[in-house]
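Visitor: Have a look at this one.
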Amino acid sequence: MTTRILFVDDEADLEALVLQKFRRQIRDGTVSFLFAHDGVDALNVLAANPDVDLVVSDIAMPRMDGLTLLEKLQAAEDKLSTIIVSAYGDMANIRIAMNRGAFDFLTKPIDFADLQTTIDKTVRHIDLLREAQRRQMAAERAYASLSRYFSPNLAARLADDGGGLELGGQRREVASLFTDITGFTTLAETLDPARLAALLNDYLAGMTDIVFAHDGTVAKIVGDALHVLFGAPADQPDHATRAVACALALDAFAEDFRARQMAQGIELGATRIGVHAGPAIVGNFGGGRFFDYTAYGDTINIAARLQAANKQLGTRLCVSAAVASRTGDFCGRPVGDVVLRGRSEPIRCFEPLRPDEAADAGVADYLKAFAMLEGGDSGATAAFATQVGKRADDQLASFHLRRLLNGARGALIPLE
């Protein structure tokens with residue numbers, strides 16, 4: 001790479017002397033020179049040649065001296081590194097120049113070996129500055145891309161790391177969370193496009209804000225549905241606890257949002273949420289022009305199916321035992337041993353609850369009825385019927401009552 005240097009000096013023979021002393025470097029293409037006879041001339045040359053790398057300037061010159069030129073160069077947005085040249089005894093002006101931002105200085109008569117050394121040192125300094133600027137710009141671009149997926153704090157950490165956008169995957173322990181609005185496709189077909197866009201944007205903004213507040217990663221948004229990860233890309237030993245807390249907060253927001261839409265005459269369905277924890281392959285997959293931060297594996301598939309299972313179970317939230325067992329002070333009601341669609345082995349599932357919900361007397365009644373169901377007690381039917389009679393809105397109790405009335409026994413629940 002050629003370093004372009006502007007020499008500013010009113011000595012008539014300096015140009016020929018510089019070109020003679022640096023002829024080998026000029027021939028090799030490592031340096032090239034431009035020349036100006038005073039500060040005014042120098043500013044005109046710089047305006048016409050924005051690719052100049054550094055300035056070597058005398059102090060004593062007509063029209064505009066080197067100190068004034070230096071001041072103008074330092075006031076510019078792109079501050080050029082400047083080497084000041086002055087008489088041997090002119091230390092007062094040299095000190096002023098250094099205080100005004102000169103990178104280095106030389107004294108006259110110029111020692112060209114010293115000039116070469118000083119130029120080399122200045123070029124190294126310029127290269128370091130440019131590398132720092134490049135890194136900063138790369139970090140800013142990375143942050144802009146990463147902030148689509150990650151909470152602001154995590155996006156900043158990944159951008160500063162410099163490897164946030166590298167392609168590739170790794171096996172991690174994660175908690176995977178899926179959300180979906182019931183009947184949204186049908187609703188979308190009936191709403192005015194502008195109204196639909198406003199509704200969906202407000203909903204997704206609120207949902208992603210909650211995910212980011214829990215330091216979750218939005219791996220994907222498809223229509224109204226979100227896929228969220230905890231434990232990736234950064235380690236989160238409490239990923240299951242975060243996922244459950246996030247699921248409860250998302251449910252509260254979605255129910256409030258739904259009520260507000262219903263008040264405006266929009267029949268918005270409930271948001272269903274499923275969560276599972278386990279190993280998955282996570283990372284950036286794609287190509288040079290596009291990347292998709294996502295996750296693959298059985299853990300992800302199970303979480304998606306738990307979300308879908310809510311429809312039959314009558315619940316809005318469904319988490320696996322793998323999540324519940326890793327969540328400190330987990331509060332929830334057992335759903336049963338669910339055989340998810342496309343699987344043969346059952347998974348114990350729970351409906352997570354907030355602590356205030358778990359303290360409700362109805363939860364204790366449900367737990368008694370479920371214990372009877374699990375133990376094969378024939379009184380389970382009456383216990384669930386009593387529960388439904390007291391709390392008609394308890395959809396999970398209603399689900400078990402229907403099963404028992406249709407001849408099912410025990411806690412094994414095959415889903416279609």
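How things are named: the first chain in the structure tokens is A, the next is B, and so on; residues count from 1 in each chain; ligands count from 1 in the order shown.
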Identify, with DSSP run on backbone atoms, the residues in stretch 206-261 of chain A assigned to strand (DSSP E or B), and express the list as a ChimeraX atom specification.

Guide: /A:217-222,225-230

Visitor: Let me see the file: selected residues, C-alpha atoms, as a PDB file, in the first residue's frame.

Guide:
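Dumped everything to out_3.pdb:
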ATOM      1  CA  THR A 217     -32.318 -14.619  22.287  1.00  0.00           C
ATOM      2  CA  VAL A 218     -34.957 -14.240  19.586  1.00  0.00           C
ATOM      3  CA  ALA A 219     -33.873 -16.984  17.214  1.00  0.00           C
ATOM      4  CA  LYS A 220     -36.749 -16.547  14.799  1.00  0.00           C
ATOM      5  CA  ILE A 221     -39.956 -14.617  14.179  1.00  0.00           C
ATOM      6  CA  VAL A 222     -42.388 -16.143  11.702  1.00  0.00           C
ATOM      7  CA  ALA A 225     -44.780 -16.770  16.280  1.00  0.00           C
ATOM      8  CA  LEU A 226     -41.515 -16.436  18.196  1.00  0.00           C
ATOM      9  CA  HIS A 227     -38.750 -18.935  18.844  1.00  0.00           C
ATOM     10  CA  VAL A 228     -36.649 -17.893  21.835  1.00  0.00           C
ATOM     11  CA  LEU A 229     -33.474 -19.418  23.246  1.00  0.00           C
ATOM     12  CA  PHE A 230     -31.896 -19.209  26.686  1.00  0.00           C
TER      13      PHE A 230
END

Visitor: I'd like the neighbourhood of stretch 51-56 of chain A as an MDAnalysis selection string, where a residue qualifies if any of its atoms comes within 10 Å (using only C-alpha atoms), though same-chain residues fewer than 6 positions away should be ignored.

Guide: chainID A and resid 2:9 32:35 42 45 66 70 73 79:85 102:106 115 119 122:123 126:127

Visitor: So which one's closest to A:Thr186, A:Ala371, A:Leu204, A:Leu396, A:Leu268? Using only C-alpha atoms, please.

Guide: A:Leu268

Visitor: Step one, run DSSP on the backbone; step two, keep only residues of stretch 87-139 of chain A assigned to helix (DSSP H, G or I); then write them as a PyMOL selection string.

Guide: chain A and resi 91-99+112-139

Visitor: Grab the residues selected above and save them as a PDB file, in the first residue's frame with C-alpha atoms.

Guide:
ATOM      1  CA  MET A  91      11.717  24.998  20.549  1.00  0.00           C
ATOM      2  CA  ALA A  92       8.999  27.445  21.620  1.00  0.00           C
ATOM      3  CA  ASN A  93       7.115  27.000  18.334  1.00  0.00           C
ATOM      4  CA  ILE A  94       7.806  23.280  18.305  1.00  0.00           C
ATOM      5  CA  ARG A  95       6.263  23.035  21.790  1.00  0.00           C
ATOM      6  CA  ILE A  96       3.200  24.996  20.565  1.00  0.00           C
ATOM      7  CA  ALA A  97       2.909  22.608  17.594  1.00  0.00           C
ATOM      8  CA  MET A  98       3.035  19.530  19.808  1.00  0.00           C
ATOM      9  CA  ASN A  99       0.402  21.049  22.099  1.00  0.00           C
ATOM     10  CA  PHE A 112      16.788  12.525   5.760  1.00  0.00           C
ATOM     11  CA  ALA A 113      17.566   9.333   7.665  1.00  0.00           C
ATOM     12  CA  ASP A 114      15.785  10.848  10.650  1.00  0.00           C
ATOM     13  CA  LEU A 115      12.962  11.935   8.338  1.00  0.00           C
ATOM     14  CA  GLN A 116      12.601   8.348   7.046  1.00  0.00           C
ATOM     15  CA  THR A 117      12.480   6.981  10.603  1.00  0.00           C
ATOM     16  CA  THR A 118       9.923   9.580  11.670  1.00  0.00           C
ATOM     17  CA  ILE A 119       7.744   8.898   8.628  1.00  0.00           C
ATOM     18  CA  ASP A 120       7.879   5.132   9.289  1.00  0.00           C
ATOM     19  CA  LYS A 121       6.863   5.674  12.912  1.00  0.00           C
ATOM     20  CA  THR A 122       4.016   7.968  11.892  1.00  0.00           C
ATOM     21  CA  VAL A 123       2.762   5.490   9.280  1.00  0.00           C
ATOM     22  CA  ARG A 124       2.685   2.745  11.928  1.00  0.00           C
ATOM     23  CA  HIS A 125       0.678   5.076  14.147  1.00  0.00           C
ATOM     24  CA  ILE A 126      -1.741   5.804  11.284  1.00  0.00           C
ATOM     25  CA  ASP A 127      -2.149   2.080  10.603  1.00  0.00           C
ATOM     26  CA  LEU A 128      -2.992   1.467  14.264  1.00  0.00           C
ATOM     27  CA  LEU A 129      -5.560   4.264  14.211  1.00  0.00           C
ATOM     28  CA  ARG A 130      -7.146   2.913  11.048  1.00  0.00           C
ATOM     29  CA  GLU A 131      -7.281  -0.605  12.446  1.00  0.00           C
ATOM     30  CA  ALA A 132      -8.974   0.725  15.585  1.00  0.00           C
ATOM     31  CA  GLN A 133     -11.489   2.608  13.411  1.00  0.00           C
ATOM     32  CA  ARG A 134     -12.077  -0.509  11.310  1.00  0.00           C
ATOM     33  CA  ARG A 135     -12.720  -2.553  14.422  1.00  0.00           C
ATOM     34  CA  GLN A 136     -15.092   0.068  15.754  1.00  0.00           C
ATOM     35  CA  MET A 137     -17.030   0.160  12.488  1.00  0.00           C
ATOM     36  CA  ALA A 138     -17.155  -3.634  12.403  1.00  0.00           C
ATOM     37  CA  ALA A 139     -18.408  -3.683  15.985  1.00  0.00           C
TER      38      ALA A 139
END

Visitor: Can you pull out every residue within 8 Å of A:Gly297, counting only C-alpha atoms, but drop anything in the same chain fewer than 5 positions away, and send it as a PyMOL selection string?

Guide: chain A and resi 279-281

Visitor: Under the rule of at most 10 Å, produce a per-residue listing of stretch 158-262 of chain A near stretch 350-359 of chain A: chain, number, name, the closest pair of atoms, and the distance in Å, as a Markdown table, using only C-alpha atoms.

Guide:
| residue | atom | partner | partner_atom | distance |
| --- | --- | --- | --- | --- |
| A:Val244 | CA | A:Pro352 | CA | 7.3 |
| A:Ala245 | CA | A:Arg354 | CA | 8.6 |
| A:Ala247 | CA | A:Pro352 | CA | 8.6 |
| A:Leu248 | CA | A:Arg354 | CA | 7.1 |
| A:Ala249 | CA | A:Arg354 | CA | 9.4 |

Visitor: For those residues, write N, CA and C atoms to a file as a tab-separated table (two decimals), in the first residue's frame.

Guide:
chain	number	residue	atom	x	y	z
A	244	VAL	N	-38.75	-19.98	32.20
A	244	VAL	CA	-40.06	-20.04	32.87
A	244	VAL	C	-40.52	-18.64	33.25
A	245	ALA	N	-39.62	-17.85	33.81
A	245	ALA	CA	-39.99	-16.48	34.19
A	245	ALA	C	-40.41	-15.68	32.96
A	247	ALA	N	-41.64	-16.96	30.15
A	247	ALA	CA	-42.92	-17.50	29.66
A	247	ALA	C	-44.09	-16.91	30.44
A	248	LEU	N	-43.95	-16.81	31.74
A	248	LEU	CA	-45.02	-16.24	32.57
A	248	LEU	C	-45.24	-14.76	32.25
A	249	ALA	N	-44.13	-14.03	32.04
A	249	ALA	CA	-44.25	-12.61	31.70
A	249	ALA	C	-44.86	-12.43	30.31

Visitor: Rounded to one decimal, what separation in Å do you get between atom CA of A:Gln236 and atom CA of A:Val174?

Guide: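 Atom CA of A:Gln236 sits 8.4 Å away from atom CA of A:Val174.
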
Visitor: Need to verify the contact set: stretch 379-387 of chain A, 8 Å, only C-alpha atoms, exclusion of same-chain residues closer than 5 positions in sequence. Can you return it as a ChimeraX atom specification?

Guide: /A:362,365-366,368-370,372-373,392,394,397-398,400-401,404-405

Visitor: Could the residues in this selection be saved with N, CA and C atoms as a short mmCIF file (atom, residue, chain, number, x, y, z; two decimals), in the first residue's frame?

Guide:
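The file below, again.cif, is the result:
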data_model
loop_
_atom_site.label_atom_id
_atom_site.label_comp_id
_atom_site.auth_asym_id
_atom_site.auth_seq_id
_atom_site.Cartn_x
_atom_site.Cartn_y
_atom_site.Cartn_z
N GLY A 362 -57.69 -23.30 44.71
CA GLY A 362 -58.04 -24.15 43.59
C GLY A 362 -56.89 -25.02 43.12
N ASP A 365 -56.76 -28.07 45.33
CA ASP A 365 -57.83 -29.00 44.95
C ASP A 365 -57.45 -29.76 43.68
N TYR A 366 -56.85 -29.06 42.73
CA TYR A 366 -56.43 -29.72 41.49
C TYR A 366 -55.36 -30.78 41.79
N LYS A 368 -54.88 -32.49 44.45
CA LYS A 368 -55.50 -33.67 45.07
C LYS A 368 -56.18 -34.54 44.01
N ALA A 369 -56.89 -33.88 43.10
CA ALA A 369 -57.59 -34.62 42.05
C ALA A 369 -56.59 -35.31 41.13
N PHE A 370 -55.49 -34.62 40.81
CA PHE A 370 -54.48 -35.22 39.93
C PHE A 370 -53.82 -36.41 40.61
N MET A 372 -55.15 -38.44 42.69
CA MET A 372 -56.10 -39.54 42.57
C MET A 372 -56.08 -40.12 41.16
N LEU A 373 -56.01 -39.23 40.15
CA LEU A 373 -55.93 -39.69 38.75
C LEU A 373 -54.69 -40.53 38.54
N ALA A 392 -65.26 -22.96 36.57
CA ALA A 392 -65.64 -23.36 35.21
C ALA A 392 -64.59 -22.98 34.18
N ASP A 394 -61.40 -23.40 34.50
CA ASP A 394 -60.20 -24.23 34.64
C ASP A 394 -60.19 -25.25 33.48
N ALA A 397 -58.47 -28.79 34.15
CA ALA A 397 -59.34 -29.71 34.90
C ALA A 397 -60.45 -30.24 34.00
N SER A 398 -60.98 -29.38 33.15
CA SER A 398 -62.02 -29.81 32.21
C SER A 398 -61.48 -30.85 31.25
N HIS A 400 -59.11 -33.07 31.84
CA HIS A 400 -59.00 -34.36 32.53
C HIS A 400 -60.38 -34.96 32.78
N LEU A 401 -61.36 -34.12 33.09
CA LEU A 401 -62.71 -34.64 33.33
C LEU A 401 -63.25 -35.28 32.05
N LEU A 404 -61.64 -38.70 31.58
CA LEU A 404 -62.16 -39.72 32.50
C LEU A 404 -63.56 -40.15 32.10
N LEU A 405 -64.37 -39.20 31.66
CA LEU A 405 -65.72 -39.54 31.24
C LEU A 405 -65.74 -40.38 29.98
#
